[in-house]
Structure formats: C-alpha cells, structure tokens
Amino acid sequence: MAIPEPKLRFDTDWKYAPAPESTEHARIDRQYELFIGGQFVAPRARKYFDSINPANEKVLARVARADRQDVDRAVTAARQAHARSWSKLAPAARGKYLYRIARMLQERAREFAVIESLDGGKPIRESRDVDVPLAAAHFFYYAGWADKLEYAFPGRRASPLGVAGQIIPWNFPLLMAAWKIAPALACGNTVVLKPAETTPLTALKLAELMRDVDLPPGVVNVVTGAGDTGAALVDHPGVDKIAFTGSTEIGRLIMRRLAGTGKHYTLELGGKAANIVFADAAIDQAVEGIVNGIFFNQGHVCCAGSRLLVQESVAAEVIAKLKERMETLIVGDPLDKNTDIGAINSAAQLEKIEQYLAIGKAEGGELYQSSCPLPDTGYWCRPTLFSGVAQSNRVVQEEIFGPVLSIQTFRSFEEALDKANNTPYGLSGGVWTDKGAKIFKMTRSLRAGVVWANTFNKFDPSAPFGGYKESGVGREGGLHGLDAYVELR
Amino acid sequence: MATVSAVPASFTPAMPALERVPRVDQVGVEERVARFCSRSIKKESKVQALKLALSMIDLTTLEGQDTHGKVTQLCQKAIHVHDSMPGLPHVAAVCVYPTMVAVARRALAGHDIKVASVATAFPSGMAPLAVKLEETRIAVGEGADEVDMVISRGAFLEGKYALVFDEIVAVKEACGPAHLKVILETGELGTLDRVRRASVLAMHAGADFIKTSTGKVQPAATLPVTLVMLQAIRDYYHETGRRVGMKPAGGIARAKLALQYLVMLRETLGQDWLTPELFRFGASSLVNDILMQLEKQATGAYQSADYFSRD
C-alpha cells in the first residue's frame, strides 16, 4: 500500500531553522571515576573506557572501568552505610533525602536533559519532556512512601533487604536509575548501581547530585563498566537483591547465576508488544499512537508497540496514513528541539537493527522507510515498516529494539487476541477502539503487564510496570514497586 | 477582480456517506496539538512564517457600528500594513457585512486584496433559505470576491444533514464565481466528531473553504478544532483530488499562536496549503502583533503599541 495519491508535499519552502538546545550549562568532565562511599575514586586497575556521542561519534568523556575488587569496595561501602546510617535513620528522614534529590533534579533538569541526549542520542524533546521530569517524579513519589510503609503493607512489618545491586540499560539511563534507586532508598536499602556501558554519564551526574544533597556516604554507589562489572555485582555475596533491566538473554544469565543463592531479584526484560487497531478506532489518533508506540526513543523501548495488528477493513487506510505521517518525522541532531527521532544508541545496536532489516527482507517482508535525509556521521536509522509479514517471521517474533514496525492484519477479535498473545514476551500492549466494552474484553485477555487503551507509552510513578513470560519477573513502580525492596514479617 | 472558484466546473455535489466519517478522539487530538506547539520556530524561519501569516489574514470588521469611514480606513490598513517596514506582504482580504461591500470595493480598487462578505443571516443563520440566497446574490452583486456563509447549526444538531447539505449547495450556486467559505460555528457543535462530520458535509456540498467560527460565539477557533478540519481536508483531497481551504477565525490575536497554526498546517497538509489561496486567518488585532514581532526580529527590541496603526 503506497502513500495516498495525490501526494502531499512536506518538503516545504518554509523550513524550520536549526534550534539546538544550548550545551553551555552542561558540564561534562574529561574523566569520571567510580562513586564509592560518597567519593569519586579511581578504579584500582586504572582502566578506563570512552563514552561517545552516537550522533557524531566523538568522545564525550573517559569513564572508569570497575573490576571485581572495585565492585567489592562499592558493596562493602553500601553494607556499611546500610548498617551504620541508612537503616538507623527515621523513615521520615529517608523521605526528606528523597524529596531533596527530586527537587535538585528539577533544578538541574536542563543539564541532565542535555547530557542524556548527548550521551544516548535521544531527542532533547524527549529527555526534556519525558526522561528527566519522570525521573524526578519517581523520587517524589517514593519519597512519600518512605514513612508510610506500614500503610503499604497493613498488619505486617516491612524491613529493608539490605544492599541492592542494580543494573540498568542504555535506553533510559537516568529514568531507569531513578526507577531503581528511589524505591530501594525509600524502603531503607542501600544501592550499588551499574549503568550501561554506552550511557554512564547521567548516572555519574546523579552521583554528583547525591553528594551535593549530602546523602550519607555509601548509600548510593555507582560502578561503571561493561558486562563483567555487572557480573561481579550479581555474583557478590554481600548483595541481597539484584534488580536488572535489559535484554532477556542477559536476564536469563543472571537468573541462572542467582539460582540457589537466596538473593532476591526483579528482572525487567524484553518485549514485542502488539498494538491492536480495530476498524472502529479514531483512525487519525490511532496512527499517531502507532507512531508514538514504535518511534519513541528510536524504538529503543522494551514496551514499544513493535507489532501493529490492524483490522483488515481499515488496514489500507491506516498504513497509507502511517506512511504519510512518517514523512513529517524529523530525524537528526538529538539536541535540536524539533528533532523527532534521534541517533541509534551505539554502532553495535545499529548493526543489530540492520541485520534485522536484512532478515525481514530475506523473509519476504515488504520494507518501507521514510525519505528523510540522514546526517553524515553518527548512527542513524530511518523509521521503518515491514508489511506482508507473519507470526512465523523473525521480525515479528524477535525484539529488534529499533524504529522498525511489523504490520499484520486480522479479521476477528479472536484472531487479534491470538496473534497478540502468541509471543514469548508479555510486557505491554495497546488497543484502539471506540467501544469501551471491547477495550475491557481485550485488556483482560491480553497476557501483558501493561496495556494501554487509545494511547501508548504513558508512564506514571504510581503505575506498576513489568512483564509476563520472558518479559520479566516482578513489578516496578507504584505500590507494587515497594514489594521488591522489603522483607515482610 | 472576482476570483474564479476553485471548485471545478465538473464538480457535482453529492451527499457523503456520513456513517463512514472517521471518529475523533479528543484526548489524542489535544496531544497531537501539544506536539505542534512544542516546535521551536526561530530566526529566519520565524520571519518567513510571520510574513506568511500576515499575507493570510482576512482583516475583519463585523459590527453593527461599522461605518463607511471605519471600513475605508480598515482597507487603508490592508493596503498600507506598515509602510515603514519594506518588503511586507499585504493581507489577503477585507471581510465585511454585505452593506459595506461596495465601500470596501471602492477603497481597495486597483489592489490585489479580496473583498469578502459574510452572508446568509450571519452570524445566527436564522433566516429562511430564500432570504439567505438573496443576501448572497446581493453581496456578490456588490462586488464580493468571497462569501462567508454560516450553516444552520440547529438543523445539523437535529440530524437534518440533508437540509444543511442542500442549503450549502444552494448558496454555492448563488455565489456564482465568488469563493464560498462555509462557517461551521464549531463552538456550537459541541464535539470534535460533529466538527469532522460537518467539515465533510460542507466539502462535498462544494465549499471552497471551511471556516471554524463567526467570531461571535465562544469558543471560536481553537487548535484542536482546526486540526480536525485540516485532517478532513486532507482525506477529502486524497479521495477527490480537490484542495479545500481552511480558515480559523476568532480568538487568534497573538503571533505566536498564528505560528502554531502554521506549524500544524505545514505538518498536516504540507507545501500546497502554505498560501493565502488555501489558508486564511479571520482576525484583526493579529496584524499588529505580527508587526511587533517582525520589528523585534529586525531591531531586537519591542516597540510600544503606539508605533503601529490601529484602524
């Protein structure tokens, strides 16, 4: 199905001038150390790695690579802080620190947003309007719970687990740090955080912020590095709980290593969400929801609506409108306030996405990409559709983690539901219809942790988030998020 | 001077299948609008857009107190928008009551500025069809290039779509060569679903433009309502190949808001609609705010309102 004729022309004479966000207020040091016991300390082996800007492939900073001994130092600092200060504090005092973190994050929002976009490639519009405000909202939300745990678990006594080892991904570096740190601290745990290798900078800026709000030393520690750093954290006997967000592959590995250790864990893993559009949906708004579902954050979203299921009677119309809409998406400089789609996070991820594009074509899928120009340097991928694909195709089954949408049609409600659930994943889903009853019927039958109706990719600290099946174990956010950080008696 | 209607000779009005008109989700529309409003329009692209907006204005006076003198002076403003600033476009049209059409026609003689007249018992539309048609013929006879009619909202809300459709067809015929803008008075329609349906009805009946409001009812033009109408225009274009114009009217007094409308227009309908031939602002105080912003872009300073003529 082609773009509707006659075509609209979006290469207009009136163009938007570049509107880059200023980087003046964003301070990035040339080198970052590990944050252990309230101080920045050099890694023992003096090994460092570069964090680069995926939009221009330039080095932003050198970052310490923590080895097993460094991780041990961090865990020891967290243990001591837990025993000596944090678990002894009045709950209301823990809340006070969290409120302070939240407020300071708001004060420095612009700097955090700029660095998040520089380091990760996401458009400034998203880091400014979504990532940073939501991160602050998570701290505010869990600050409120700190002294109200007895109301969260009525009739039971909630005590902290101890030290939480937290490993976070590169798609929402600051937001994931907030998701993990806020409930852990609210419940009285201390933290060793391991940011992703390609996006460590905002976590390190957050460490600076923790120091600036006078958080007791060792309550939050940040160890940067690659997979082996994460493995050292998972294996450390002084860690009481592992919280991981990332790929299902690594999640499986972690679960295996944790088996029999008695450590608590929550895993938030991959997804391949169905976004189901019925014929009676508000079509123009559904198209917008499809775009937000798959192209938000370059599709680097575990809960992305990466499988479009559209009812056959409106399929041609929806696809045509989707293609037309894609022509107006601006791909480019993440710091430009008008950019809709930024840079792919890393060369490795771009390679993975391109492999899937080749796989999809080889499987017989019809590939469509918007015609937008791409910058010369950096890692970029045009918004992409695959139509004419089926449940048996890999581009429908596997998580691509890029701006690539597979499109299938369905006739009946049952067929849509069956296709939607026929996946090893179960993190999220979307349903678009004008009929309230159909929304309830579908949301109850979908085996997915989060289901959005007539919208997509909406997040709130009070809403639990997590998956079925291979999408993970446990819930984060909301009241449920507290569960993962307390021992109940 | 009269413009040739954009509706081709081969056009035959046909009642559309209203049950097939897409549904509209208000929350989704408002979210989309918020995205348009977050576009950052700076420097040369701002100047370009401000001038474009200026060229799209239907400078309007529709008061019982309108006088020959007031209309004549408004026409002078249309011609000499701000002569101290070279390179400015003139506005698209001057919009008046039928009794003032001849006055405006004389005042604008020799200039490529259209005369638009409201008709059909503006703003309420509460008159028999025969009266509406006669008023339309008089306005065109006096020299109106464009006629802004109102639909019978009562009939529309009662579900008498065929009656509304037939009225528009009849007024279009009475317009002869003059352009027809159909005012939906969206502030009285209540829901975006009805806005979309009324838009489809008007276009199939032969409207050259669809227009939000009379300016006499609140709310007048809003960004969400305009987006729904632009999407209706887009779908109608894909269906028929005919380009219908859009005119938000009332409540657009600030340059910044006008730029947000243009962003929405650009990203919904694209290049072909970025022209006064197919997009108008029904406004009057907007002119001076645009001028003030242009001065700011040129000199870096805001000037007092007294440096801009008010007619």
# chains A, B, ... in the order shown; residues from 1 in each chain; ligands from 1

$ select_by_dssp --residues "segment 106-253 of chain B" --states "strand (DSSP E)" --output "list in words"
Lys114, Val115, Ala116, Ser117, Val118, Glu146, Val147, Asp148, Met149, Val150, His179, Leu180, Lys181, Val182, Ile183, Phe209, Ile210, Lys211, Gly245, Met246 and Lys247 of chain B

$ interface_residues --of "chain A" --to "chain B" --cutoff "7 Å" --atoms "only C-alpha atoms" --output "ChimeraX atom specification"
/A:4-6,8-17,19,281-283,285,328,337-338

$ write_last_selection --atoms "N, CA and C atoms" --output "tab-separated table (two decimals), in the first residue's frame"
chain	number	residue	atom	x	y	z
A	4	PRO	N	-0.95	7.70	-0.03
A	4	PRO	CA	-2.15	8.05	-0.81
A	4	PRO	C	-1.85	9.09	-1.89
A	5	GLU	N	-2.44	8.89	-3.04
A	5	GLU	CA	-2.36	9.86	-4.13
A	5	GLU	C	-3.62	10.72	-4.07
A	6	PRO	N	-3.58	11.98	-4.51
A	6	PRO	CA	-2.36	12.70	-4.81
A	6	PRO	C	-1.55	12.95	-3.54
A	8	LEU	N	0.85	14.55	-0.69
A	8	LEU	CA	1.10	15.85	-0.06
A	8	LEU	C	2.61	16.07	-0.07
A	9	ARG	N	3.01	17.34	-0.18
A	9	ARG	CA	4.45	17.64	-0.24
A	9	ARG	C	4.90	18.26	1.07
A	10	PHE	N	5.73	17.53	1.77
A	10	PHE	CA	6.20	18.04	3.07
A	10	PHE	C	7.60	18.66	2.98
A	11	ASP	N	8.18	18.66	1.77
A	11	ASP	CA	9.46	19.38	1.59
A	11	ASP	C	9.13	20.84	1.29
A	12	THR	N	8.65	21.52	2.31
A	12	THR	CA	8.08	22.85	2.11
A	12	THR	C	9.14	23.93	1.94
A	13	ASP	N	8.71	25.04	1.29
A	13	ASP	CA	9.61	26.20	1.14
A	13	ASP	C	9.92	26.78	2.53
A	14	TRP	N	8.93	26.74	3.38
A	14	TRP	CA	9.15	27.22	4.75
A	14	TRP	C	9.72	26.07	5.57
A	15	LYS	N	10.97	26.23	6.00
A	15	LYS	CA	11.62	25.17	6.78
A	15	LYS	C	11.86	25.66	8.21
A	16	TYR	N	11.99	24.71	9.12
A	16	TYR	CA	12.34	25.08	10.49
A	16	TYR	C	13.84	25.29	10.56
A	17	ALA	N	14.25	26.46	11.01
A	17	ALA	CA	15.68	26.71	11.19
A	17	ALA	C	16.20	25.82	12.32
A	19	ALA	N	17.31	24.60	15.71
A	19	ALA	CA	17.00	25.17	17.03
A	19	ALA	C	17.70	24.33	18.09
A	281	ALA	N	-11.83	2.35	15.51
A	281	ALA	CA	-10.97	3.29	16.24
A	281	ALA	C	-11.00	4.66	15.58
A	282	ALA	N	-10.63	5.68	16.36
A	282	ALA	CA	-10.40	7.01	15.78
A	282	ALA	C	-9.08	6.90	15.00
A	283	ILE	N	-9.18	6.80	13.68
A	283	ILE	CA	-8.03	6.39	12.87
A	283	ILE	C	-6.86	7.37	12.96
A	285	GLN	N	-6.00	9.42	15.25
A	285	GLN	CA	-5.34	9.38	16.55
A	285	GLN	C	-4.63	8.04	16.75
A	328	THR	N	6.70	13.28	7.86
A	328	THR	CA	6.87	14.52	8.62
A	328	THR	C	7.75	14.33	9.85
A	337	LYS	N	15.68	21.06	19.04
A	337	LYS	CA	14.37	20.95	19.73
A	337	LYS	C	13.28	20.43	18.81
A	338	ASN	N	13.51	20.47	17.51
A	338	ASN	CA	12.49	19.98	16.59
A	338	ASN	C	12.70	18.54	16.15

$ select_by_dssp --residues "segment 31-254 of chain B" --states "helix (DSSP H, G or I)" --output "PyMOL selection string"
chain B and resi 31-37+43-55+68-79+98-107+129-141+153-157+161-175+186-188+192-205+223-240

$ write_last_selection --atoms "C-alpha atoms" --output "compact mmCIF listing (two decimals), in the first residue's frame"
# COMPACT_ATOMS: atom_id res chain seq x y z
CA GLU B 31 -1.85 15.52 22.45
CA ARG B 32 -1.05 15.99 18.80
CA VAL B 33 -1.70 19.72 19.12
CA ALA B 34 0.67 19.89 22.08
CA ARG B 35 3.38 18.37 19.89
CA PHE B 36 2.86 21.05 17.24
CA CYS B 37 3.06 23.73 19.90
CA LYS B 43 15.24 33.40 13.40
CA GLU B 44 14.79 33.40 9.62
CA SER B 45 12.14 30.70 9.69
CA LYS B 46 10.20 32.82 12.18
CA VAL B 47 10.39 35.91 9.99
CA GLN B 48 9.32 33.90 6.97
CA ALA B 49 6.35 32.44 8.86
CA LEU B 50 5.30 35.81 10.30
CA LYS B 51 5.19 37.30 6.81
CA LEU B 52 3.29 34.29 5.52
CA ALA B 53 0.77 34.65 8.36
CA LEU B 54 0.38 38.35 7.56
CA SER B 55 -0.41 37.54 3.92
CA HIS B 68 -18.24 53.80 5.80
CA GLY B 69 -15.35 55.62 7.41
CA LYS B 70 -14.30 52.64 9.52
CA VAL B 71 -14.40 50.23 6.58
CA THR B 72 -12.50 52.67 4.35
CA GLN B 73 -9.79 53.07 6.99
CA LEU B 74 -9.57 49.31 7.50
CA CYS B 75 -8.99 48.99 3.76
CA GLN B 76 -6.17 51.52 4.04
CA LYS B 77 -4.62 49.34 6.73
CA ALA B 78 -4.97 46.35 4.40
CA ILE B 79 -3.04 48.19 1.70
CA PRO B 98 -22.92 42.94 2.67
CA THR B 99 -23.91 46.61 3.06
CA MET B 100 -20.22 47.52 3.26
CA VAL B 101 -19.04 45.50 0.28
CA ALA B 102 -19.33 48.39 -2.18
CA VAL B 103 -17.44 50.67 0.22
CA ALA B 104 -14.61 48.19 0.57
CA ARG B 105 -14.62 47.50 -3.16
CA ARG B 106 -14.07 51.21 -3.88
CA ALA B 107 -11.42 51.58 -1.19
CA LEU B 129 -33.31 29.99 2.73
CA ALA B 130 -34.79 32.43 0.21
CA VAL B 131 -33.54 35.36 2.27
CA LYS B 132 -30.10 33.78 2.62
CA LEU B 133 -29.83 33.23 -1.11
CA GLU B 134 -30.96 36.76 -1.90
CA GLU B 135 -28.42 38.16 0.58
CA THR B 136 -25.70 36.09 -1.06
CA ARG B 137 -26.63 37.32 -4.53
CA ILE B 138 -26.64 40.93 -3.30
CA ALA B 139 -23.20 40.58 -1.71
CA VAL B 140 -21.75 39.11 -4.89
CA GLY B 141 -23.57 41.72 -6.97
CA ARG B 153 -26.45 24.65 13.26
CA GLY B 154 -29.88 23.88 14.65
CA ALA B 155 -30.71 21.66 11.70
CA PHE B 156 -27.30 19.99 11.86
CA LEU B 157 -27.62 19.22 15.56
CA TYR B 161 -27.92 16.69 7.44
CA ALA B 162 -29.59 16.68 4.04
CA LEU B 163 -31.17 20.04 4.78
CA VAL B 164 -27.82 21.55 5.74
CA PHE B 165 -26.22 19.98 2.68
CA ASP B 166 -28.89 21.34 0.33
CA GLU B 167 -28.54 24.82 1.81
CA ILE B 168 -24.80 24.88 1.17
CA VAL B 169 -25.32 23.64 -2.39
CA ALA B 170 -27.88 26.38 -2.98
CA VAL B 171 -25.68 29.12 -1.52
CA LYS B 172 -22.75 27.90 -3.58
CA GLU B 173 -24.88 28.21 -6.68
CA ALA B 174 -25.96 31.71 -5.65
CA CYS B 175 -22.30 32.68 -5.24
CA THR B 186 -17.67 24.85 15.85
CA GLY B 187 -18.27 26.50 19.23
CA GLU B 188 -21.91 25.41 18.90
CA LEU B 192 -14.93 17.08 17.54
CA ASP B 193 -16.86 14.20 15.98
CA ARG B 194 -19.51 16.70 14.84
CA VAL B 195 -16.81 19.10 13.63
CA ARG B 196 -15.38 16.37 11.44
CA ARG B 197 -18.82 15.39 10.10
CA ALA B 198 -19.80 18.98 9.35
CA SER B 199 -16.49 19.51 7.54
CA VAL B 200 -17.11 16.52 5.30
CA LEU B 201 -20.66 17.65 4.62
CA ALA B 202 -19.54 21.16 3.63
CA MET B 203 -16.76 19.98 1.34
CA HIS B 204 -18.97 17.54 -0.52
CA ALA B 205 -21.55 20.28 -0.94
CA LEU B 223 -6.03 24.46 17.52
CA PRO B 224 -7.75 21.08 18.16
CA VAL B 225 -10.82 22.04 16.12
CA THR B 226 -8.63 23.31 13.31
CA LEU B 227 -6.56 20.12 13.31
CA VAL B 228 -9.68 18.00 12.91
CA MET B 229 -10.80 20.18 10.00
CA LEU B 230 -7.35 20.02 8.37
CA GLN B 231 -7.42 16.22 8.61
CA ALA B 232 -10.86 16.22 6.99
CA ILE B 233 -9.46 18.41 4.20
CA ARG B 234 -6.52 16.02 3.76
CA ASP B 235 -8.73 12.93 3.48
CA TYR B 236 -11.08 14.73 1.09
CA TYR B 237 -8.09 15.69 -1.06
CA HIS B 238 -6.91 12.08 -1.23
CA GLU B 239 -10.44 11.00 -2.08
CA THR B 240 -11.25 13.60 -4.73

$ atom_distance --atom1 "atom CA of Lys148 of chain A" --atom2 "atom CA of Lys180 of chain A"
18.8 Å

$ residues_around --residues "Ser85 of chain A" --least-positions-apart "3" --cutoff "12 Å" --atoms "only C-alpha atoms" --output "list in words"
Ala77, Ala78, Arg79, Gln80, Ala81, His82, Lys88, Leu89, Ala90, Pro91, Ala93, Arg94, Gly188, Asn189, Thr190, Leu215, Pro216, Pro217, Gly218 and Val219 of chain A

$ atom_distance --atom1 "atom CA of Gly271 of chain A" --atom2 "atom CA of Leu175 of chain A"
18.3 Å

$ residues_around --residues "segment 160-169 of chain A" --least-positions-apart "6" --cutoff "8 Å" --atoms "only C-alpha atoms" --output "PDB file with N, CA and C atoms, in the first residue's frame"
ATOM      1  N   VAL A  75      30.323  -2.556  47.249  1.00  0.00           N
ATOM      2  CA  VAL A  75      29.352  -3.329  48.027  1.00  0.00           C
ATOM      3  C   VAL A  75      29.651  -3.176  49.525  1.00  0.00           C
ATOM      4  N   ALA A  78      28.388   0.074  50.660  1.00  0.00           N
ATOM      5  CA  ALA A  78      26.919   0.034  50.765  1.00  0.00           C
ATOM      6  C   ALA A  78      26.484  -0.730  52.016  1.00  0.00           C
ATOM      7  N   ARG A  79      27.182  -1.824  52.329  1.00  0.00           N
ATOM      8  CA  ARG A  79      26.873  -2.622  53.527  1.00  0.00           C
ATOM      9  C   ARG A  79      27.055  -1.777  54.784  1.00  0.00           C
ATOM     10  N   HIS A  82      24.487   0.855  55.091  1.00  0.00           N
ATOM     11  CA  HIS A  82      23.204   0.283  55.493  1.00  0.00           C
ATOM     12  C   HIS A  82      23.189   0.028  57.001  1.00  0.00           C
ATOM     13  N   SER A  87      19.842   2.435  57.678  1.00  0.00           N
ATOM     14  CA  SER A  87      18.786   1.653  58.327  1.00  0.00           C
ATOM     15  C   SER A  87      18.453   2.201  59.705  1.00  0.00           C
ATOM     16  N   MET A 176      15.844   5.029  34.376  1.00  0.00           N
ATOM     17  CA  MET A 176      15.974   3.697  34.965  1.00  0.00           C
ATOM     18  C   MET A 176      16.717   3.758  36.297  1.00  0.00           C
ATOM     19  N   ALA A 177      17.693   4.661  36.384  1.00  0.00           N
ATOM     20  CA  ALA A 177      18.390   4.834  37.666  1.00  0.00           C
ATOM     21  C   ALA A 177      17.398   5.295  38.730  1.00  0.00           C
ATOM     22  N   LYS A 180      15.018   2.601  39.891  1.00  0.00           N
ATOM     23  CA  LYS A 180      15.641   1.605  40.758  1.00  0.00           C
ATOM     24  C   LYS A 180      16.021   2.191  42.116  1.00  0.00           C
ATOM     25  N   ALA A 184      14.247   1.659  46.352  1.00  0.00           N
ATOM     26  CA  ALA A 184      15.226   0.980  47.203  1.00  0.00           C
ATOM     27  C   ALA A 184      15.529   1.836  48.431  1.00  0.00           C
ATOM     28  N   CYS A 187      12.650   2.307  50.993  1.00  0.00           N
ATOM     29  CA  CYS A 187      12.422   1.159  51.880  1.00  0.00           C
ATOM     30  C   CYS A 187      13.595   0.918  52.833  1.00  0.00           C
ATOM     31  N   GLY A 188      14.645   1.722  52.723  1.00  0.00           N
ATOM     32  CA  GLY A 188      15.744   1.597  53.677  1.00  0.00           C
ATOM     33  C   GLY A 188      16.920   0.775  53.201  1.00  0.00           C
ATOM     34  N   ASN A 189      16.956   0.461  51.909  1.00  0.00           N
ATOM     35  CA  ASN A 189      18.103  -0.266  51.364  1.00  0.00           C
ATOM     36  C   ASN A 189      19.187   0.702  50.920  1.00  0.00           C
ATOM     37  N   THR A 190      20.396   0.196  50.739  1.00  0.00           N
ATOM     38  CA  THR A 190      21.432   0.980  50.090  1.00  0.00           C
ATOM     39  C   THR A 190      21.708   0.341  48.731  1.00  0.00           C
ATOM     40  N   VAL A 191      22.435   1.064  47.882  1.00  0.00           N
ATOM     41  CA  VAL A 191      22.452   0.728  46.469  1.00  0.00           C
ATOM     42  C   VAL A 191      23.854   0.729  45.874  1.00  0.00           C
ATOM     43  N   VAL A 192      24.124  -0.279  45.028  1.00  0.00           N
ATOM     44  CA  VAL A 192      25.267  -0.198  44.111  1.00  0.00           C
ATOM     45  C   VAL A 192      24.681  -0.244  42.698  1.00  0.00           C
ATOM     46  N   LEU A 193      24.846   0.853  41.979  1.00  0.00           N
ATOM     47  CA  LEU A 193      24.239   0.978  40.651  1.00  0.00           C
ATOM     48  C   LEU A 193      25.286   0.763  39.566  1.00  0.00           C
ATOM     49  N   LYS A 194      24.937  -0.053  38.572  1.00  0.00           N
ATOM     50  CA  LYS A 194      25.847  -0.268  37.443  1.00  0.00           C
ATOM     51  C   LYS A 194      25.150   0.229  36.182  1.00  0.00           C
ATOM     52  N   PRO A 195      25.551   1.434  35.695  1.00  0.00           N
ATOM     53  CA  PRO A 195      24.936   1.971  34.480  1.00  0.00           C
ATOM     54  C   PRO A 195      25.428   1.211  33.250  1.00  0.00           C
ATOM     55  N   ALA A 196      24.714   1.403  32.149  1.00  0.00           N
ATOM     56  CA  ALA A 196      25.111   0.737  30.906  1.00  0.00           C
ATOM     57  C   ALA A 196      26.425   1.316  30.394  1.00  0.00           C
ATOM     58  N   GLY A 230      28.999  -5.892  35.734  1.00  0.00           N
ATOM     59  CA  GLY A 230      27.664  -6.321  36.136  1.00  0.00           C
ATOM     60  C   GLY A 230      27.699  -7.718  36.725  1.00  0.00           C
ATOM     61  N   LEU A 233      28.926  -7.776  40.199  1.00  0.00           N
ATOM     62  CA  LEU A 233      27.904  -7.295  41.128  1.00  0.00           C
ATOM     63  C   LEU A 233      26.890  -8.402  41.418  1.00  0.00           C
ATOM     64  N   VAL A 234      26.476  -9.104  40.363  1.00  0.00           N
ATOM     65  CA  VAL A 234      25.491 -10.188  40.526  1.00  0.00           C
ATOM     66  C   VAL A 234      26.058 -11.278  41.447  1.00  0.00           C
ATOM     67  N   GLY A 238      27.817 -10.131  49.133  1.00  0.00           N
ATOM     68  CA  GLY A 238      27.298  -9.083  50.013  1.00  0.00           C
ATOM     69  C   GLY A 238      26.059  -8.386  49.471  1.00  0.00           C
ATOM     70  N   VAL A 239      25.616  -8.812  48.318  1.00  0.00           N
ATOM     71  CA  VAL A 239      24.433  -8.191  47.715  1.00  0.00           C
ATOM     72  C   VAL A 239      23.201  -9.008  48.074  1.00  0.00           C
ATOM     73  N   ASP A 240      22.152  -8.342  48.525  1.00  0.00           N
ATOM     74  CA  ASP A 240      20.942  -9.053  48.950  1.00  0.00           C
ATOM     75  C   ASP A 240      19.887  -9.137  47.869  1.00  0.00           C
ATOM     76  N   LYS A 241      20.005  -8.214  46.923  1.00  0.00           N
ATOM     77  CA  LYS A 241      18.979  -8.194  45.892  1.00  0.00           C
ATOM     78  C   LYS A 241      19.566  -7.670  44.585  1.00  0.00           C
ATOM     79  N   ILE A 242      19.159  -8.289  43.484  1.00  0.00           N
ATOM     80  CA  ILE A 242      19.570  -7.799  42.167  1.00  0.00           C
ATOM     81  C   ILE A 242      18.333  -7.300  41.436  1.00  0.00           C
ATOM     82  N   ALA A 243      18.415  -6.061  40.956  1.00  0.00           N
ATOM     83  CA  ALA A 243      17.357  -5.516  40.103  1.00  0.00           C
ATOM     84  C   ALA A 243      17.994  -5.263  38.747  1.00  0.00           C
ATOM     85  N   PHE A 244      17.439  -5.886  37.729  1.00  0.00           N
ATOM     86  CA  PHE A 244      18.036  -5.777  36.408  1.00  0.00           C
ATOM     87  C   PHE A 244      17.000  -5.343  35.394  1.00  0.00           C
ATOM     88  N   THR A 245      17.379  -4.400  34.542  1.00  0.00           N
ATOM     89  CA  THR A 245      16.566  -4.092  33.373  1.00  0.00           C
ATOM     90  C   THR A 245      17.481  -4.223  32.166  1.00  0.00           C
ATOM     91  N   GLY A 246      17.052  -4.997  31.189  1.00  0.00           N
ATOM     92  CA  GLY A 246      17.865  -5.187  29.999  1.00  0.00           C
ATOM     93  C   GLY A 246      17.309  -6.308  29.146  1.00  0.00           C
ATOM     94  N   TYR A 485      11.519  -4.452  47.437  1.00  0.00           N
ATOM     95  CA  TYR A 485      12.637  -3.961  48.248  1.00  0.00           C
ATOM     96  C   TYR A 485      12.425  -4.146  49.741  1.00  0.00           C
ATOM     97  N   VAL A 486      11.432  -4.958  50.112  1.00  0.00           N
ATOM     98  CA  VAL A 486      11.194  -5.179  51.541  1.00  0.00           C
ATOM     99  C   VAL A 486      11.080  -6.664  51.859  1.00  0.00           C
ATOM    100  N   GLU A 487      11.413  -6.956  53.101  1.00  0.00           N
ATOM    101  CA  GLU A 487      11.159  -8.275  53.680  1.00  0.00           C
ATOM    102  C   GLU A 487       9.922  -8.074  54.546  1.00  0.00           C
TER     103      GLU A 487
END

$ residues_around --residues "segment 62-68 of chain A" --least-positions-apart "2" --cutoff "10 Å" --atoms "only C-alpha atoms" --output "PyMOL selection string"
chain A and resi 29-35+41-52+59-60+70-74+194+197+200-201+204+222-226+228-233+235-236

$ residues_around --residues "segment 348-350 of chain A" --least-positions-apart "6" --cutoff "9 Å" --atoms "only C-alpha atoms" --output "PyMOL selection string"
chain A and resi 379-381+401-402

$ residues_around --residues "Ser117 of chain A" --least-positions-apart "3" --cutoff "10 Å" --atoms "only C-alpha atoms" --output "PyMOL selection string"
chain A and resi 53-55+112-114+120-128+199+202+333-336+342-343

$ closest_residue --among "A:Asn393, A:Val331, A:Arg411, A:Pro133" --to "Glu107 of chain A" --atoms "only C-alpha atoms"
A:Pro133
